[in-house]
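K.L.:
The structure follows.
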Amino acid sequence: MYAVSVIAEGDHRFPAAAPPGTLGHMTKLLMLGGTEFVGRALTDHALQRGWEVTAFHRGRHAPPPGVRAVHGDRTAPGGLDALAEAGEWDLVVDTWSGAPTAVRDTARLLADRAGHYTYVSSRSVYAYPAPVGMAEDGPLVEGSPDADATAYAEDKRGGELAATAAFGDRALLVRAGLILGPYENVGRLPWWLNRTARGGPTLAPGPRDLALQYIDVRDLAAWTLDAALAGLGGPYNAVSPLGHATMGSFLEACAAVTGGRAELRWTDPEVIAAAGVEPWTELPVWLPPGELYDFMVGGDISKALAAGLKCRPVEETVADTWAWLQSLDGPPPHRPDRPAKGIDPGREAALLGL
């Protein structure tokens with residue numbers, strides 16, 4: 001049963017309505033954000049489905065055409081004022097990654113004006129270390145819905161608690177992992193594509209058959225909207241199956257789509273570590289086998305798969321991201337709160353003995 005019809009029987013004033021997607025009902029989505037990367041993909045997918053989309057954001061970037069924009073800063077006093085009388089919605093999706101108080105205040109404001117609340121969280125909320133195959137019931141970091149911004153994992157956990165406190169089982173917690181695809185503003189896949197496009201001997205961190213676990217942003221968006229529409233609640237790990245791609249298939253796809261000029265030189269993790277090269281940042285996407293690798297890429301996603309999650313081939317993710325990069329007039333967008341990615345060419349050449 002769709003959540004709107006359920007809460008109409010309780011104390012909330014959200015009106016009884018036909019479930020979204022049924023005859024005569026246009027689904028109304030409130031995107032909190034909706035202009036960059038994950039939020040942009042969610043907004044695009046909702047528009048493609050013919051939904052009515054409102055984006056509440058700070059106005060720094062324009063939302064896609066067809067979106068109703070409402071401006072406000074969730075971190076400022078009175079920042080939610082414009083949202084207070086902006087309407088009622090079937091679904092809310094929130095991608096916030098800062099202070100949990102922003103999620104708390106927004107979710108409280110919307111609790112009786114929206115049928116369902118999705119919070120895009122992170123697998124970082126699990127306590128470290130974690131064994132391969134850990135499901136959603138694994139131990140979690142501490143977090144508080146009343147906390148100011150502290151650290152990413154604790155902030156995301158606080159956001160989960162805030163969403164759940166306001167919406168109960170009408171809150172879906174999407175625990176994403178590594179996210180790749182068009183509009184990426186973190187710089188991981190764009191760096192590898194630009195590096196392989198430059199060609200020549202290219203440091204390829206091994207082992208070649210090292211399994212990756214990530215999700216294409218469009219697959220994340222499609223599944224999240226489906227899950228929200230179905231009224232799912234509680235936590236779901238949302239990444240690809242472990243081994244959906246490997247470092248080999250990933251980097252070979254990057255090299256192929258950028259012209260085949262890169263000569264991938266597979267290098268053992270021990271050699272990379274001895275050179276002091278940082279995984280994940282200097283060599284984006286890659287982590288050597290070990291405790292951190294198990295934590296980051298070993299999640300059990302059987303729950304999301306059972307709920308319909310589908311993941312496209314890595315070659316499609318890579319090719320579409322390269323096409324997007326080529327369409328830009330300048331450098332790709334980059335979040336100011338994230339460090340630049342990629343190894344310095346001099347360091348790379350020295351490690352390869354060039």
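Identifiers for the structure tokens are assigned positionally: chains receive A, B, ... in sequence, residues are indexed from 1 per chain, and ligands are indexed from 1 in the order shown.
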Using only C-alpha atoms, tabulate the residues of range 37-129 of chain A lying at most 9 Å from any atom of range 223-231 of chain A, each with its closest atom pair and that distance in Å to one decimal, by chain and increasing residue number, as CSV.
P.N.:
residue,atom,partner,partner_atom,distance
A:Leu42,CA,A:Leu225,CA,7.5
A:His45,CA,A:Leu225,CA,8.1
A:Ala46,CA,A:Leu225,CA,7.5
A:Asp90,CA,A:Leu229,CA,8.5
A:Leu91,CA,A:Ala228,CA,7.0
A:Val92,CA,A:Ala228,CA,8.6
A:Val93,CA,A:Ala228,CA,8.6
A:Gly115,CA,A:Gly231,CA,8.6
A:His116,CA,A:Gly231,CA,6.8
A:Tyr117,CA,A:Ala228,CA,7.7
A:Thr118,CA,A:Ala228,CA,6.7
A:Val120,CA,A:Thr224,CA,8.6
K.L.:
Give me every strand (DSSP E or B) residue in range 151-295 of chain A, going by DSSP on the backbone, as a ChimeraX atom specification.
P.N.:
/A:171-176,178-180,200-205,211-212,214-216,234-238,245-246,262-267,279-280,283-284
K.L.:
For Asp81 in chain A, which residue out of A:Leu109, A:Ile215, A:Ala102, A:Leu232 is the nearest one, using only C-alpha atoms?
P.N.:
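Comparing A:Leu109, A:Ile215, A:Ala102, A:Leu232 against Asp81 in chain A, the winner is A:Leu109.
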K.L.:
Just want the 8 Å neighbourhood of range 261-272 of chain A, counted on only C-alpha atoms, with same-chain residues fewer than 4 positions away dropped. Output as a PDB file with C-alpha atoms, in the first residue's frame.
P.N.:
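Produced file part17.pdb, reproduced below:
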ATOM      1  CA  THR A 196      44.036   7.741 -20.528  1.00  0.00           C
ATOM      2  CA  ALA A 197      43.184  10.331 -23.190  1.00  0.00           C
ATOM      3  CA  ARG A 198      46.657  11.819 -22.661  1.00  0.00           C
ATOM      4  CA  GLY A 199      48.074   8.418 -23.603  1.00  0.00           C
ATOM      5  CA  GLY A 200      51.504   6.938 -23.122  1.00  0.00           C
ATOM      6  CA  PRO A 201      52.683   4.638 -20.317  1.00  0.00           C
ATOM      7  CA  THR A 202      49.956   4.799 -17.668  1.00  0.00           C
ATOM      8  CA  LEU A 203      50.186   3.574 -14.092  1.00  0.00           C
ATOM      9  CA  ALA A 204      47.489   0.927 -13.669  1.00  0.00           C
ATOM     10  CA  PRO A 205      47.138  -0.119 -10.025  1.00  0.00           C
ATOM     11  CA  GLY A 206      46.722  -3.840  -9.626  1.00  0.00           C
ATOM     12  CA  PRO A 207      45.892  -6.528  -9.346  1.00  0.00           C
ATOM     13  CA  ARG A 208      44.136  -6.361 -12.697  1.00  0.00           C
ATOM     14  CA  LEU A 251      40.700   1.003 -16.929  1.00  0.00           C
ATOM     15  CA  GLU A 252      40.539  -0.881 -20.208  1.00  0.00           C
ATOM     16  CA  ALA A 255      41.618   3.514 -22.436  1.00  0.00           C
ATOM     17  CA  GLY A 276      54.088   6.572  -0.986  1.00  0.00           C
ATOM     18  CA  VAL A 277      51.274   6.979  -3.531  1.00  0.00           C
ATOM     19  CA  PRO A 288      44.676  -2.207  -2.444  1.00  0.00           C
ATOM     20  CA  LEU A 351      57.219   5.172 -10.275  1.00  0.00           C
TER      21      LEU A 351
END
K.L.:
To one decimal place in Å, what is the distance between CA of Gly243 in chain A and CA of Thr43 in chain A?
P.N.:
28.8 Å
K.L.:
What does the distance between CA of Gly181 in chain A and CA of Val38 in chain A come to in Å, to one decimal place?
P.N.:
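So the two atoms, CA of Gly181 in chain A and CA of Val38 in chain A, lie 9.4 Å apart.
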K.L.:
Quick one: residues within 12 Å of Glu154 in chain A, only C-alpha atoms counted, chain neighbours fewer than 2 positions away excluded, as a PyMOL selection string?
P.N.:
chain A and resi 97-100+121-127+140-152+156-161
K.L.:
Leaving out Asp300 in chain A and any residue of its chain fewer than 2 positions from it, which residues lie within 7 Å of it when counting only C-alpha atoms, given as a PyMOL selection string?
P.N.:
chain A and resi 133-135+298+302
K.L.:
Return the single residue from A:Phe56, A:Tyr128, A:Phe250, A:Trp286 that is closest to Asp94 in chain A, with distances computed using only C-alpha atoms.
P.N.:
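Nearest to Asp94 in chain A: A:Phe56.
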K.L.:
When you look at Leu242 in chain A with a cut-off of 10 Å (counting only C-alpha atoms), what residues show up, excluding the ones that are within fewer than 3 positions of it in the same chain? I need them as a ChimeraX atom specification.
P.N.:
/A:132-133,210-214,239,245-246,297-301
K.L.:
Quick one, how far is CA of Arg40 in chain A from CA of Tyr119 in chain A?
P.N.:
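About the pair CA of Arg40 in chain A and CA of Tyr119 in chain A: they are 15.0 Å apart.
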K.L.:
Among range 106-354 of chain A, which ones does DSSP assign to alpha helix (DSSP H) (computed from the backbone)? Answer as a ChimeraX atom specification.
P.N.:
/A:106-110,152-167,188-198,217-229,247-257,269-274,291-297,302-306,314-327,345-351
K.L.:
Could you check which of A:Arg312, A:Arg108, A:Arg113, A:His244 is closest to Asp209 in chain A, using only C-alpha atoms?
P.N.:
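Comparing A:Arg312, A:Arg108, A:Arg113, A:His244 against Asp209 in chain A, the winner is A:His244.
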